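S.K.: Got a file for you: entry-v3.cif, mmCIF, C-alpha atoms and all ligand atoms.
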```cif
data_query
#
loop_
_atom_site.label_atom_id
_atom_site.label_comp_id
_atom_site.auth_asym_id
_atom_site.auth_seq_id
_atom_site.Cartn_x
_atom_site.Cartn_y
_atom_site.Cartn_z
CA MET H 1186 78.42 196.68 -16.55
CA LYS H 1187 75.91 198.66 -18.62
CA GLN H 1188 75.04 197.43 -22.14
CA GLU H 1189 77.38 199.91 -23.87
CA THR H 1190 80.25 198.70 -21.70
CA LYS H 1191 79.43 195.01 -22.21
CA CYS H 1192 79.62 195.57 -25.99
CA ILE H 1193 83.29 196.44 -25.50
CA GLU H 1194 84.41 194.51 -22.43
CA ALA H 1195 82.29 191.36 -21.95
CA GLY H 1196 83.45 187.89 -22.93
CA TYR H 1197 87.19 188.42 -22.78
CA GLN H 1198 89.42 190.10 -20.22
CA PRO H 1199 93.09 189.79 -21.18
CA LYS H 1200 95.54 188.89 -18.43
CA ASN H 1201 98.91 190.55 -17.97
CA GLY H 1202 100.69 190.79 -21.32
CA GLU H 1203 97.91 189.16 -23.38
CA SER H 1204 96.46 190.59 -26.60
CA ARG H 1205 93.90 193.36 -26.09
CA MET H 1206 91.74 192.05 -28.95
CA ILE H 1207 90.32 188.54 -28.75
CA PRO H 1208 92.79 186.08 -30.23
CA ILE H 1209 91.75 184.25 -33.41
CA ILE H 1210 92.39 180.61 -32.53
CA GLN H 1211 92.22 179.39 -36.13
CA SER H 1212 92.93 175.79 -35.24
CA THR H 1213 90.85 172.68 -35.82
CA THR H 1214 92.40 170.78 -32.96
CA PHE H 1215 94.03 171.09 -29.54
CA LYS H 1216 96.97 169.18 -28.07
CA TYR H 1217 97.00 167.15 -24.82
CA ASP H 1218 99.75 165.49 -22.80
CA THR H 1219 97.85 162.30 -22.00
CA SER H 1220 94.84 160.39 -23.34
CA GLU H 1221 93.33 160.57 -19.84
CA ASP H 1222 93.29 164.38 -20.03
CA MET H 1223 91.45 164.22 -23.32
CA GLY H 1224 89.13 161.47 -22.13
CA LYS H 1225 87.81 163.76 -19.37
CA LEU H 1226 86.81 166.28 -22.04
CA PHE H 1227 85.05 163.62 -24.11
CA ASP H 1228 83.10 162.53 -21.04
CA LEU H 1229 82.18 166.17 -20.30
CA GLN H 1230 83.92 165.65 -16.92
CA ALA H 1231 86.21 168.62 -17.54
CA SER H 1232 85.72 171.65 -19.76
CA GLY H 1233 88.24 172.43 -22.45
CA TYR H 1234 88.81 172.26 -26.16
CA PHE H 1235 89.60 169.33 -28.36
CA TYR H 1236 88.02 169.89 -31.76
CA THR H 1237 86.62 173.14 -33.20
CA ARG H 1238 83.42 171.53 -34.54
CA LEU H 1239 82.37 171.19 -30.87
CA GLN H 1240 83.92 174.27 -29.35
CA ASN H 1241 86.52 176.90 -30.13
CA PRO H 1242 87.94 179.54 -27.72
CA THR H 1243 87.41 182.50 -30.10
CA ASN H 1244 83.82 181.49 -30.78
CA ASP H 1245 83.20 181.02 -27.05
CA MET H 1246 84.52 184.49 -26.18
CA VAL H 1247 82.09 186.07 -28.65
CA ALA H 1248 79.22 183.85 -27.45
CA ALA H 1249 80.02 184.96 -23.88
CA LYS H 1250 79.70 188.62 -24.93
CA ILE H 1251 76.29 188.02 -26.52
CA CYS H 1252 75.27 186.01 -23.43
CA ALA H 1253 76.17 188.96 -21.18
CA LEU H 1254 74.28 191.40 -23.43
CA GLU H 1255 71.12 189.26 -23.30
CA GLY H 1256 71.45 188.56 -19.55
CA GLY H 1257 71.66 184.78 -20.09
CA THR H 1258 73.59 182.01 -18.36
CA ALA H 1259 75.04 180.17 -21.39
CA ALA H 1260 75.34 180.80 -25.14
CA MET H 1261 76.72 179.38 -28.35
CA LEU H 1262 77.44 180.70 -31.82
CA THR H 1263 76.20 178.99 -34.97
CA SER H 1264 77.18 179.45 -38.61
CA SER H 1265 73.92 181.28 -39.46
CA GLY H 1266 70.66 182.51 -37.99
CA GLN H 1267 68.92 179.60 -39.71
CA ALA H 1268 71.13 177.15 -37.82
CA ALA H 1269 70.43 178.99 -34.54
CA ASN H 1270 66.65 178.73 -34.90
CA PHE H 1271 66.86 175.12 -36.08
CA PHE H 1272 69.04 174.11 -33.12
CA ALA H 1273 66.95 176.06 -30.60
CA ILE H 1274 63.80 174.17 -31.61
CA PHE H 1275 65.26 170.77 -32.50
CA ASN H 1276 67.09 170.66 -29.15
CA ILE H 1277 63.68 170.16 -27.45
CA ALA H 1278 61.20 169.20 -30.21
CA THR H 1279 61.83 166.11 -32.34
CA ALA H 1280 59.71 163.65 -34.36
CA GLY H 1281 56.21 163.42 -32.87
CA ASP H 1282 56.47 166.76 -31.06
CA HIS H 1283 54.67 170.02 -31.71
CA VAL H 1284 55.54 173.73 -31.53
CA VAL H 1285 53.37 176.86 -31.42
CA ALA H 1286 54.86 179.65 -33.54
CA SER H 1287 53.83 183.18 -34.45
CA THR H 1288 52.73 183.59 -38.10
CA SER H 1289 54.66 186.84 -38.22
CA ILE H 1290 58.23 185.59 -38.56
CA TYR H 1291 61.10 185.71 -41.04
CA GLY H 1292 60.30 183.84 -44.29
CA GLY H 1293 63.33 181.60 -43.96
CA THR H 1294 62.29 180.54 -40.47
CA PHE H 1295 58.71 179.96 -41.62
CA ASN H 1296 60.00 177.67 -44.37
CA LEU H 1297 62.35 175.86 -41.97
CA PHE H 1298 59.43 175.14 -39.65
CA ASN H 1299 56.60 174.64 -42.12
CA VAL H 1300 58.45 172.54 -44.71
CA THR H 1301 61.79 171.13 -43.57
CA MET H 1302 61.09 170.44 -39.90
CA ARG H 1303 57.67 169.00 -40.78
CA LYS H 1304 59.57 166.49 -42.95
CA MET H 1305 61.51 165.60 -39.82
CA GLY H 1306 58.26 164.88 -37.99
CA VAL H 1307 57.93 168.08 -35.95
CA ASP H 1308 54.48 169.65 -36.26
CA PHE H 1309 53.74 173.39 -36.02
CA THR H 1310 50.65 175.45 -35.32
CA PHE H 1311 51.01 179.07 -36.46
CA VAL H 1312 49.08 181.70 -34.54
CA ASP H 1313 48.53 185.38 -35.28
CA PRO H 1314 50.72 187.26 -32.74
CA ASP H 1315 47.66 189.37 -31.95
CA CYS H 1316 45.24 186.43 -31.63
CA THR H 1317 42.71 186.18 -28.78
CA ASP H 1318 43.53 184.27 -25.57
CA GLU H 1319 41.12 181.52 -26.71
CA GLU H 1320 42.90 181.14 -30.06
CA LEU H 1321 46.28 180.98 -28.34
CA GLU H 1322 45.05 178.45 -25.80
CA ALA H 1323 43.56 176.28 -28.59
CA ALA H 1324 46.94 176.10 -30.34
CA PHE H 1325 48.52 174.03 -27.53
CA ARG H 1326 48.51 170.21 -27.59
CA PRO H 1327 49.71 167.61 -25.09
CA ASN H 1328 52.87 167.14 -27.24
CA THR H 1329 53.67 170.88 -27.51
CA LYS H 1330 57.33 171.48 -26.55
CA ALA H 1331 57.96 175.17 -27.25
CA VAL H 1332 56.51 178.53 -28.30
CA PHE H 1333 58.33 180.72 -30.84
CA GLY H 1334 58.12 184.38 -31.94
CA GLU H 1335 60.20 187.37 -33.11
CA THR H 1336 60.57 190.54 -30.99
CA ILE H 1337 60.11 192.67 -34.13
CA ALA H 1338 59.17 190.49 -37.08
CA ASN H 1339 61.14 190.64 -40.33
CA PRO H 1340 59.66 192.02 -42.60
CA ALA H 1341 56.15 192.59 -41.16
CA LEU H 1342 57.47 194.77 -38.27
CA THR H 1343 54.85 193.39 -35.88
CA VAL H 1344 55.88 193.71 -32.22
CA PHE H 1345 55.59 190.47 -30.24
CA ASP H 1346 53.89 190.55 -26.82
CA ILE H 1347 56.69 188.61 -25.08
CA GLU H 1348 55.16 188.68 -21.59
CA ARG H 1349 51.83 187.34 -22.79
CA PHE H 1350 53.35 184.50 -24.83
CA ALA H 1351 55.78 183.63 -21.99
CA LYS H 1352 52.84 183.28 -19.57
CA ALA H 1353 50.97 181.02 -21.99
CA ALA H 1354 54.05 178.87 -22.64
CA HIS H 1355 54.84 178.50 -18.93
CA ALA H 1356 51.21 177.61 -18.12
CA HIS H 1357 51.74 174.64 -20.45
CA GLY H 1358 55.15 173.75 -18.99
CA VAL H 1359 57.14 174.71 -22.10
CA PRO H 1360 59.74 177.41 -22.82
CA LEU H 1361 59.33 180.53 -24.95
CA VAL H 1362 61.97 180.94 -27.69
CA VAL H 1363 62.35 184.50 -29.02
CA ASP H 1364 64.31 185.56 -32.12
CA ASN H 1365 65.67 188.96 -31.05
CA THR H 1366 67.52 189.76 -34.29
CA PHE H 1367 65.86 193.08 -35.17
CA ALA H 1368 65.68 194.62 -31.69
CA THR H 1369 69.12 193.37 -30.53
CA PRO H 1370 69.82 193.25 -26.76
CA ILE H 1371 70.54 196.99 -26.93
CA ASN H 1372 66.84 197.73 -27.44
CA CYS H 1373 65.15 194.68 -25.90
CA ARG H 1374 66.16 191.85 -23.57
CA PRO H 1375 63.44 189.19 -23.96
CA ILE H 1376 64.74 187.17 -20.97
CA GLU H 1377 63.75 190.06 -18.66
CA TRP H 1378 60.18 189.71 -20.00
CA GLY H 1379 59.95 185.96 -19.45
CA ALA H 1380 61.54 184.45 -22.59
CA ASP H 1381 63.61 181.33 -21.87
CA ILE H 1382 65.76 180.98 -24.99
CA VAL H 1383 66.86 183.86 -27.25
CA THR H 1384 68.14 183.40 -30.81
CA HIS H 1385 69.86 185.71 -33.26
CA SER H 1386 70.83 186.07 -36.84
CA THR H 1387 74.07 187.89 -36.02
CA THR H 1388 74.28 188.56 -39.78
CA LYS H 1389 72.08 191.61 -39.17
CA TYR H 1390 72.80 194.44 -36.69
CA MET H 1391 75.27 192.49 -34.55
CA ASP H 1392 77.70 192.15 -37.46
CA GLY H 1393 76.22 195.25 -39.02
CA HIS H 1394 78.68 195.67 -41.89
CA ASP H 1395 77.65 193.09 -44.55
CA ALA H 1396 80.68 191.04 -43.51
CA THR H 1397 79.70 187.72 -41.91
CA VAL H 1398 76.73 185.37 -41.80
CA GLY H 1399 76.22 183.96 -38.30
CA GLY H 1400 73.83 183.06 -35.50
CA ALA H 1401 73.65 182.75 -31.74
CA ILE H 1402 71.55 180.98 -29.09
CA VAL H 1403 71.33 182.25 -25.50
CA ASP H 1404 69.78 180.39 -22.56
CA GLY H 1405 68.13 182.53 -19.88
CA GLY H 1406 68.82 179.73 -17.40
CA LYS H 1407 65.44 179.96 -15.65
CA PHE H 1408 63.40 177.20 -17.30
CA ASP H 1409 63.10 174.18 -15.01
CA TRP H 1410 63.45 171.14 -17.29
CA MET H 1411 63.25 168.72 -14.35
CA ALA H 1412 59.90 170.17 -13.20
CA ASN H 1413 58.54 169.18 -16.64
CA ALA H 1414 60.76 166.12 -17.00
CA GLU H 1415 58.30 163.96 -19.00
CA LYS H 1416 58.10 166.61 -21.75
CA PHE H 1417 61.85 166.90 -22.25
CA PRO H 1418 63.39 163.42 -22.15
CA GLY H 1419 66.37 164.66 -24.19
CA LEU H 1420 67.40 166.83 -21.25
CA THR H 1421 66.08 164.83 -18.31
CA THR H 1422 67.04 161.21 -19.14
CA PRO H 1423 70.51 159.77 -19.84
CA ASP H 1424 71.99 160.53 -23.28
CA GLU H 1425 73.29 157.17 -24.49
CA SER H 1426 75.16 158.92 -27.32
CA TYR H 1427 77.05 160.85 -24.63
CA HIS H 1428 78.17 158.33 -22.05
CA GLY H 1429 74.86 158.29 -20.20
CA ILE H 1430 74.89 161.94 -19.12
CA THR H 1431 71.61 163.53 -18.00
CA TYR H 1432 72.06 167.16 -19.05
CA ALA H 1433 69.53 168.75 -16.69
CA GLU H 1434 71.07 166.97 -13.69
CA LYS H 1435 74.71 167.53 -14.51
CA PHE H 1436 74.51 171.08 -15.87
CA GLY H 1437 71.40 172.43 -14.13
CA LYS H 1438 68.91 175.00 -15.40
CA GLU H 1439 71.77 177.35 -16.27
CA GLY H 1440 73.77 175.08 -18.56
CA ALA H 1441 71.75 172.06 -19.71
CA PHE H 1442 70.23 173.52 -22.88
CA ILE H 1443 73.42 174.89 -24.43
CA THR H 1444 75.53 171.89 -23.35
CA LYS H 1445 73.08 169.51 -25.04
CA ALA H 1446 72.87 171.66 -28.19
CA THR H 1447 76.67 171.71 -28.38
CA ALA H 1448 77.33 168.09 -27.46
CA GLN H 1449 74.60 166.59 -29.69
CA LEU H 1450 73.50 169.03 -32.38
CA MET H 1451 76.79 170.75 -33.11
CA ARG H 1452 78.56 167.40 -32.97
CA ASP H 1453 76.14 165.89 -35.50
CA PHE H 1454 75.19 168.83 -37.76
CA GLY H 1455 78.45 170.78 -37.56
CA SER H 1456 77.04 174.28 -38.18
CA ILE H 1457 79.97 176.11 -36.61
CA PRO H 1458 81.19 179.58 -37.51
CA SER H 1459 84.87 179.90 -38.36
CA PRO H 1460 86.91 181.60 -35.62
CA MET H 1461 87.76 184.31 -38.16
CA ASN H 1462 84.05 185.04 -38.66
CA ALA H 1463 83.54 185.16 -34.89
CA TYR H 1464 86.36 187.71 -34.68
CA ILE H 1465 84.69 189.88 -37.35
CA LEU H 1466 81.36 189.56 -35.53
CA ASN H 1467 83.07 190.75 -32.35
CA LEU H 1468 84.23 193.91 -34.13
CA GLY H 1469 80.60 194.59 -35.01
CA LEU H 1470 79.47 193.93 -31.43
CA GLU H 1471 81.92 196.50 -30.06
CA SER H 1472 80.01 199.32 -31.77
CA LEU H 1473 76.51 197.76 -31.55
CA ALA H 1474 75.15 200.16 -28.92
CA VAL H 1475 76.38 203.25 -30.78
CA ARG H 1476 75.12 201.98 -34.12
CA MET H 1477 71.66 200.92 -32.86
CA LYS H 1478 71.08 204.40 -31.47
CA ARG H 1479 71.95 205.92 -34.85
CA HIS H 1480 69.92 203.36 -36.85
CA CYS H 1481 66.87 204.18 -34.74
CA GLU H 1482 67.34 207.96 -34.87
CA ASN H 1483 67.72 207.81 -38.65
CA ALA H 1484 64.72 205.50 -39.10
CA GLN H 1485 62.56 207.73 -36.89
CA CYS H 1486 63.43 210.82 -39.00
CA VAL H 1487 62.90 208.94 -42.26
CA ALA H 1488 59.58 207.41 -41.12
CA GLU H 1489 58.31 210.88 -40.10
CA TYR H 1490 59.44 212.30 -43.45
CA LEU H 1491 57.74 209.48 -45.40
CA GLU H 1492 54.50 209.84 -43.45
CA LYS H 1493 54.27 213.49 -44.56
CA ASN H 1494 55.19 212.83 -48.21
CA PRO H 1495 52.18 212.89 -50.58
CA GLU H 1496 53.85 210.32 -52.89
CA VAL H 1497 53.78 207.77 -50.05
CA ALA H 1498 50.60 205.72 -49.57
CA TRP H 1499 51.34 204.24 -46.14
CA VAL H 1500 54.21 203.82 -43.65
CA GLU H 1501 54.77 201.00 -41.18
CA TYR H 1502 57.27 201.77 -38.37
CA PRO H 1503 56.71 200.91 -34.68
CA GLY H 1504 58.32 204.21 -33.65
CA LEU H 1505 55.50 206.25 -35.23
CA PRO H 1506 52.65 207.21 -32.85
CA SER H 1507 50.21 206.31 -35.67
CA ASN H 1508 51.53 202.69 -35.70
CA ARG H 1509 49.33 199.98 -34.19
CA TYR H 1510 52.33 198.66 -32.22
CA TYR H 1511 53.50 202.03 -30.89
CA GLU H 1512 52.41 201.44 -27.27
CA ARG H 1513 53.70 197.86 -27.17
CA ALA H 1514 57.02 198.95 -28.68
CA LYS H 1515 57.32 201.68 -26.01
CA LYS H 1516 56.85 199.03 -23.31
CA TYR H 1517 59.39 196.51 -24.61
CA MET H 1518 61.75 198.92 -26.39
CA PRO H 1519 61.65 202.33 -24.69
CA ASP H 1520 64.95 203.40 -26.28
CA GLY H 1521 64.00 202.58 -29.88
CA THR H 1522 63.05 199.62 -32.06
CA CYS H 1523 65.13 199.08 -35.20
CA GLY H 1524 66.16 200.78 -38.43
CA VAL H 1525 63.76 198.95 -40.75
CA ILE H 1526 60.68 200.68 -42.18
CA SER H 1527 58.19 199.46 -44.74
CA PHE H 1528 56.14 201.80 -46.87
CA GLY H 1529 54.02 201.94 -50.02
CA VAL H 1530 54.67 204.16 -53.02
CA ARG H 1531 51.54 205.79 -54.40
CA GLY H 1532 50.88 204.22 -57.81
CA GLY H 1533 51.39 200.61 -56.80
CA ARG H 1534 53.86 198.01 -58.06
CA LYS H 1535 54.93 200.04 -61.17
CA ALA H 1536 55.57 203.23 -59.22
CA ALA H 1537 57.57 201.32 -56.61
CA GLU H 1538 59.79 199.85 -59.35
CA VAL H 1539 60.42 203.28 -60.91
CA PHE H 1540 61.17 204.79 -57.50
CA MET H 1541 63.77 202.09 -56.77
CA LYS H 1542 65.48 202.65 -60.15
CA LYS H 1543 65.86 206.35 -59.43
CA LEU H 1544 67.66 205.92 -56.10
CA LYS H 1545 71.30 207.02 -56.23
CA LEU H 1546 72.80 206.59 -52.75
CA ILE H 1547 70.50 203.88 -51.40
CA ILE H 1548 71.34 200.45 -52.74
CA ILE H 1549 69.02 197.60 -53.75
CA ALA H 1550 69.91 194.45 -51.78
CA THR H 1551 68.31 191.34 -50.28
CA HIS H 1552 69.51 192.29 -46.83
CA VAL H 1553 68.61 194.49 -43.88
CA ALA H 1554 70.06 195.83 -40.65
CA ASP H 1555 73.35 197.06 -41.97
CA ALA H 1556 75.46 200.26 -41.93
CA HIS H 1557 74.42 201.00 -45.53
CA THR H 1558 70.88 202.13 -46.28
CA MET H 1559 69.23 199.60 -48.57
CA VAL H 1560 65.86 198.86 -50.11
CA LEU H 1561 64.04 195.83 -51.42
CA HIS H 1562 60.82 195.66 -53.41
CA PRO H 1563 59.52 192.19 -52.52
CA ALA H 1564 56.89 192.18 -55.32
CA SER H 1565 59.54 192.48 -58.04
CA SER H 1566 62.29 190.44 -56.33
CA THR H 1567 61.85 187.87 -53.54
CA HIS H 1568 58.10 187.43 -54.29
CA ARG H 1569 58.12 188.18 -58.06
CA GLN H 1570 56.43 184.94 -59.06
CA LEU H 1571 53.24 185.97 -57.20
CA THR H 1572 50.28 187.93 -58.59
CA ASP H 1573 49.04 191.03 -56.74
CA GLU H 1574 46.22 188.95 -55.21
CA GLU H 1575 48.65 186.26 -54.02
CA LEU H 1576 50.98 188.91 -52.60
CA ILE H 1577 48.20 190.44 -50.51
CA ALA H 1578 47.21 186.99 -49.25
CA CYS H 1579 50.70 186.47 -47.81
CA GLY H 1580 50.88 189.93 -46.27
CA VAL H 1581 53.11 191.63 -48.86
CA ARG H 1582 51.46 194.56 -50.55
CA PRO H 1583 52.45 195.06 -54.26
CA ASP H 1584 53.59 198.64 -53.59
CA MET H 1585 55.58 197.69 -50.45
CA VAL H 1586 59.18 198.84 -50.21
CA ARG H 1587 61.29 197.55 -47.31
CA LEU H 1588 63.76 200.24 -46.34
CA SER H 1589 66.62 199.49 -43.95
CA CYS H 1590 68.07 202.75 -42.65
CA GLY H 1591 71.83 202.74 -42.29
CA ILE H 1592 74.04 205.01 -40.24
CA GLU H 1593 74.83 207.60 -42.92
CA ASN H 1594 73.83 211.24 -42.32
CA VAL H 1595 70.05 211.17 -42.35
CA GLU H 1596 69.84 214.29 -44.56
CA ASP H 1597 71.56 212.37 -47.36
CA ILE H 1598 69.16 209.44 -46.97
CA ILE H 1599 66.10 211.72 -47.09
CA GLU H 1600 67.47 213.72 -50.03
CA ASP H 1601 67.89 210.51 -52.05
CA LEU H 1602 64.40 209.26 -51.14
CA ASP H 1603 62.97 212.67 -51.97
CA GLN H 1604 64.47 212.96 -55.46
CA ALA H 1605 63.46 209.38 -56.32
CA LEU H 1606 59.90 209.83 -55.03
CA ARG H 1607 59.53 213.04 -57.05
CA LYS H 1608 60.56 211.18 -60.22
C1 LIG L 1701 67.95 186.93 -41.42
C2 LIG L 1701 67.14 186.38 -40.34
C3 LIG L 1701 67.24 185.02 -39.97
C4 LIG L 1701 68.12 184.05 -40.71
O1 LIG L 1701 69.45 184.36 -40.45
P1 LIG L 1701 70.68 184.01 -41.45
O2 LIG L 1701 71.83 184.54 -40.70
O3 LIG L 1701 70.41 184.68 -42.76
O4 LIG L 1701 70.69 182.52 -41.59
C5 LIG L 1701 66.49 184.58 -38.90
N1 LIG L 1701 65.67 185.42 -38.22
C6 LIG L 1701 65.54 186.72 -38.55
C7 LIG L 1701 64.62 187.59 -37.78
C8 LIG L 1701 66.27 187.24 -39.62
O5 LIG L 1701 66.13 188.55 -39.95
#
```
Would you write the structure of this file as structure tokens?
M.R.:
Amino acid sequence: MKQETKCIEAGYQPKNGESRMIPIIQSTTFKYDTSEDMGKLFDLQASGYFYTRLQNPTNDMVAAKICALEGGTAAMLTSSGQAANFFAIFNIATAGDHVVASTSIYGGTFNLFNVTMRKMGVDFTFVDPDCTDEELEAAFRPNTKAVFGETIANPALTVFDIERFAKAAHAHGVPLVVDNTFATPINCRPIEWGADIVTHSTTKYMDGHDATVGGAIVDGGKFDWMANAEKFPGLTTPDESYHGITYAEKFGKEGAFITKATAQLMRDFGSIPSPMNAYILNLGLESLAVRMKRHCENAQCVAEYLEKNPEVAWVEYPGLPSNRYYERAKKYMPDGTCGVISFGVRGGRKAAEVFMKKLKLIIIATHVADAHTMVLHPASSTHRQLTDEELIACGVRPDMVRLSCGIENVEDIIEDLDQALRK
């Protein structure tokens, strides 16, 4: 199946007389005839459902669709993108371990790594995604367990060189984890470029309608844990908390990572989505291919309009030939990048604030990647405690407006921007 078809058909094929839409199995528990039947599930000897914190059929159908879209071998849903990135890293890096991560990542992920996971004993080295080979090489340590980056970073809109980082990770015997939230598998499939694990905040384009917070993890199924057995004891030695199972032996390259994340991390942290939320996410996924095309077309038009507008100081959008990531974006995302643009209003912080106030159609929201066009002025909202100097130091310019282009008619979006910029 092509991507557009997978959006509709993958993950669930009803049998004769069954519901066309995925069923919402809103049940915490599942019934068995004998204790022996259930025991086999507890021992991971048979697959099936017994308690929704571990697995739920509705959630699994939606995970299977995302897995097919990314070209993976196994996948799981989580209750948020934060939980997905935490699980993806903590599944292989624990106290005493180390991870190499791109500096250009979502603020919430940066905080998770730099503050919370450090408290748990996991160390991080952050590297500029455009660093030299020597700088990248110097970031690795003997206890490095993974490399992490975002296909298109939120909000910096840097484009990650997946192939280059995959090569570096593999040379050190560790997997590359890529957060593919902004590109979505419609525009980029990191596994095809060498990524091993793909994560998502499904809250963004996948849901696409401001309706549900969620996350997903997909395993590409190619990383050989056994070939690097000493680095990944959690996967390559018996799990005493799970009846002595060795995940990499029992479930192979294709299934070990997700089985371990489900059996250990979901069991212990419990970050599951509700089946109802998975159902709503699935509705979003059905139109993902159509919406991404429109988001990108709209953003391209808007970025070109902004670049020509004298009231605009600068525009950052990887679809613009003037952008420093244009060529790299063309390589990894030939059909388009995403709907998010950042730009500066001439006149700095004050002018940006006035411009935002004058918008009529476009809403102000701390969100992106949604059907509605929305803007955020980081300097007066998420980063308002910082001075102009501090803002610049953390890569947020005082006049920066983050604009997420929705799927409205682009003429209406431009008309609203135009009247507000004129004021
Ligand atoms: C929003 C976002 C996250 C966090 O996801 P939540 O669903 O809000 O927990 C992680 N990564 C990226 C790239 C994001 O945009």
S.K.: Quick check, in Å to one decimal: how far apart do atom CA of H:Asp1245 and atom CA of H:Ala1268 lie?
M.R.: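 Computed distance, atom CA of H:Asp1245 to atom CA of H:Ala1268, equals 16.6 Å.
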S.K.: Write out as a list in words which residues come within 10 Å of H:Lys1416 when counting only C-alpha atoms, dropping same-chain ones fewer than 5 positions away.
M.R.: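 Everything that qualifies: Ile1277, Ala1278, Asp1282, Pro1327, Asn1328, Thr1329, Lys1330, Gly1358, Val1359, Trp1410, Met1411 and Thr1421 of chain H.
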S.K.: For a test of reading the model, state the distance in Å between atom CA of H:Cys1373 and atom CA of H:His1557, rounded to one decimal.
M.R.: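 Distance reported for this atom pair: 22.6 Å.
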S.K.: Find the residues near ligand LIG 1701 (chain L). Use a cut-off of 7 Å, count all atoms listed in the file, and write them as a list in words.
M.R.: Ser1265, Gly1266, Gln1267, Ala1268, Ile1290, Tyr1291, Gly1293, Thr1294, Glu1335, Ala1338, Asn1339, Asp1364, Asn1365, Thr1366, Phe1367, His1385, Ser1386, Thr1387, Thr1388, Lys1389, Val1398, Gly1399 and Gly1400 of chain H
S.K.: Would you save the residues from that selection as a PDB file, in the coordinates of the input, using C-alpha atoms?
M.R.:
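The new file result_0.pdb reads:
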```
ATOM      1  CA  SER H1265      73.920 181.280 -39.460  1.00  0.00           C
ATOM      2  CA  GLY H1266      70.660 182.510 -37.990  1.00  0.00           C
ATOM      3  CA  GLN H1267      68.920 179.600 -39.710  1.00  0.00           C
ATOM      4  CA  ALA H1268      71.130 177.150 -37.820  1.00  0.00           C
ATOM      5  CA  ILE H1290      58.230 185.590 -38.560  1.00  0.00           C
ATOM      6  CA  TYR H1291      61.100 185.710 -41.040  1.00  0.00           C
ATOM      7  CA  GLY H1293      63.330 181.600 -43.960  1.00  0.00           C
ATOM      8  CA  THR H1294      62.290 180.540 -40.470  1.00  0.00           C
ATOM      9  CA  GLU H1335      60.200 187.370 -33.110  1.00  0.00           C
ATOM     10  CA  ALA H1338      59.170 190.490 -37.080  1.00  0.00           C
ATOM     11  CA  ASN H1339      61.140 190.640 -40.330  1.00  0.00           C
ATOM     12  CA  ASP H1364      64.310 185.560 -32.120  1.00  0.00           C
ATOM     13  CA  ASN H1365      65.670 188.960 -31.050  1.00  0.00           C
ATOM     14  CA  THR H1366      67.520 189.760 -34.290  1.00  0.00           C
ATOM     15  CA  PHE H1367      65.860 193.080 -35.170  1.00  0.00           C
ATOM     16  CA  HIS H1385      69.860 185.710 -33.260  1.00  0.00           C
ATOM     17  CA  SER H1386      70.830 186.070 -36.840  1.00  0.00           C
ATOM     18  CA  THR H1387      74.070 187.890 -36.020  1.00  0.00           C
ATOM     19  CA  THR H1388      74.280 188.560 -39.780  1.00  0.00           C
ATOM     20  CA  LYS H1389      72.080 191.610 -39.170  1.00  0.00           C
ATOM     21  CA  VAL H1398      76.730 185.370 -41.800  1.00  0.00           C
ATOM     22  CA  GLY H1399      76.220 183.960 -38.300  1.00  0.00           C
ATOM     23  CA  GLY H1400      73.830 183.060 -35.500  1.00  0.00           C
TER      24      GLY H1400
END
```
S.K.: Using all atoms listed in the file, I'd like a table of the residues in stretch 1447-1517 of chain H that come within 8 Å of stretch 1342-1349 of chain H; for each, show the closest atom pair and its distance in Å rounded to one decimal, ordered by chain and ascending number, as a Markdown table.
M.R.:
```
| residue | atom | partner | partner_atom | distance |
| --- | --- | --- | --- | --- |
| H:Glu1501 | CA | H:Leu1342 | CA | 7.4 |
| H:Tyr1502 | CA | H:Leu1342 | CA | 7.0 |
| H:Pro1503 | CA | H:Leu1342 | CA | 7.2 |
| H:Tyr1510 | CA | H:Val1344 | CA | 6.1 |
| H:Arg1513 | CA | H:Val1344 | CA | 6.9 |
| H:Ala1514 | CA | H:Val1344 | CA | 6.4 |
```
S.K.: Using only C-alpha atoms, can you tell me which of H:Tyr1390, H:Tyr1217, H:Trp1378, H:Phe1417 comes closest to H:Thr1431?
M.R.: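 Going through H:Tyr1390, H:Tyr1217, H:Trp1378, H:Phe1417 one by one, the smallest distance to H:Thr1431 is for H:Phe1417.
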S.K.: Calculated over all atoms listed in the file, which of the candidates H:His1355, H:His1562, H:Arg1531, H:Arg1479 has the smallest distance to H:Ile1548?
M.R.: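 Answer, going by the shortest atom-to-atom distance: H:His1562.
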S.K.: Restricting the calculation to all atoms listed in the file, which member of H:Gly1393, H:Pro1375, H:Gly1196, H:Pro1583 is positioned closest to H:Leu1466?
M.R.: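 Result for the nearest residue to H:Leu1466: H:Gly1393.
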S.K.: Name all residues at most 10 Å from H:Met1186 (count all atoms listed in the file; drop same-chain ones fewer than 6 positions away) and give them as a list of chain:residue names.
M.R.: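 Once the adjacent positions are removed, what remains is H:Cys1192, H:Glu1194, H:Ala1195, H:Ala1253, H:Leu1254.
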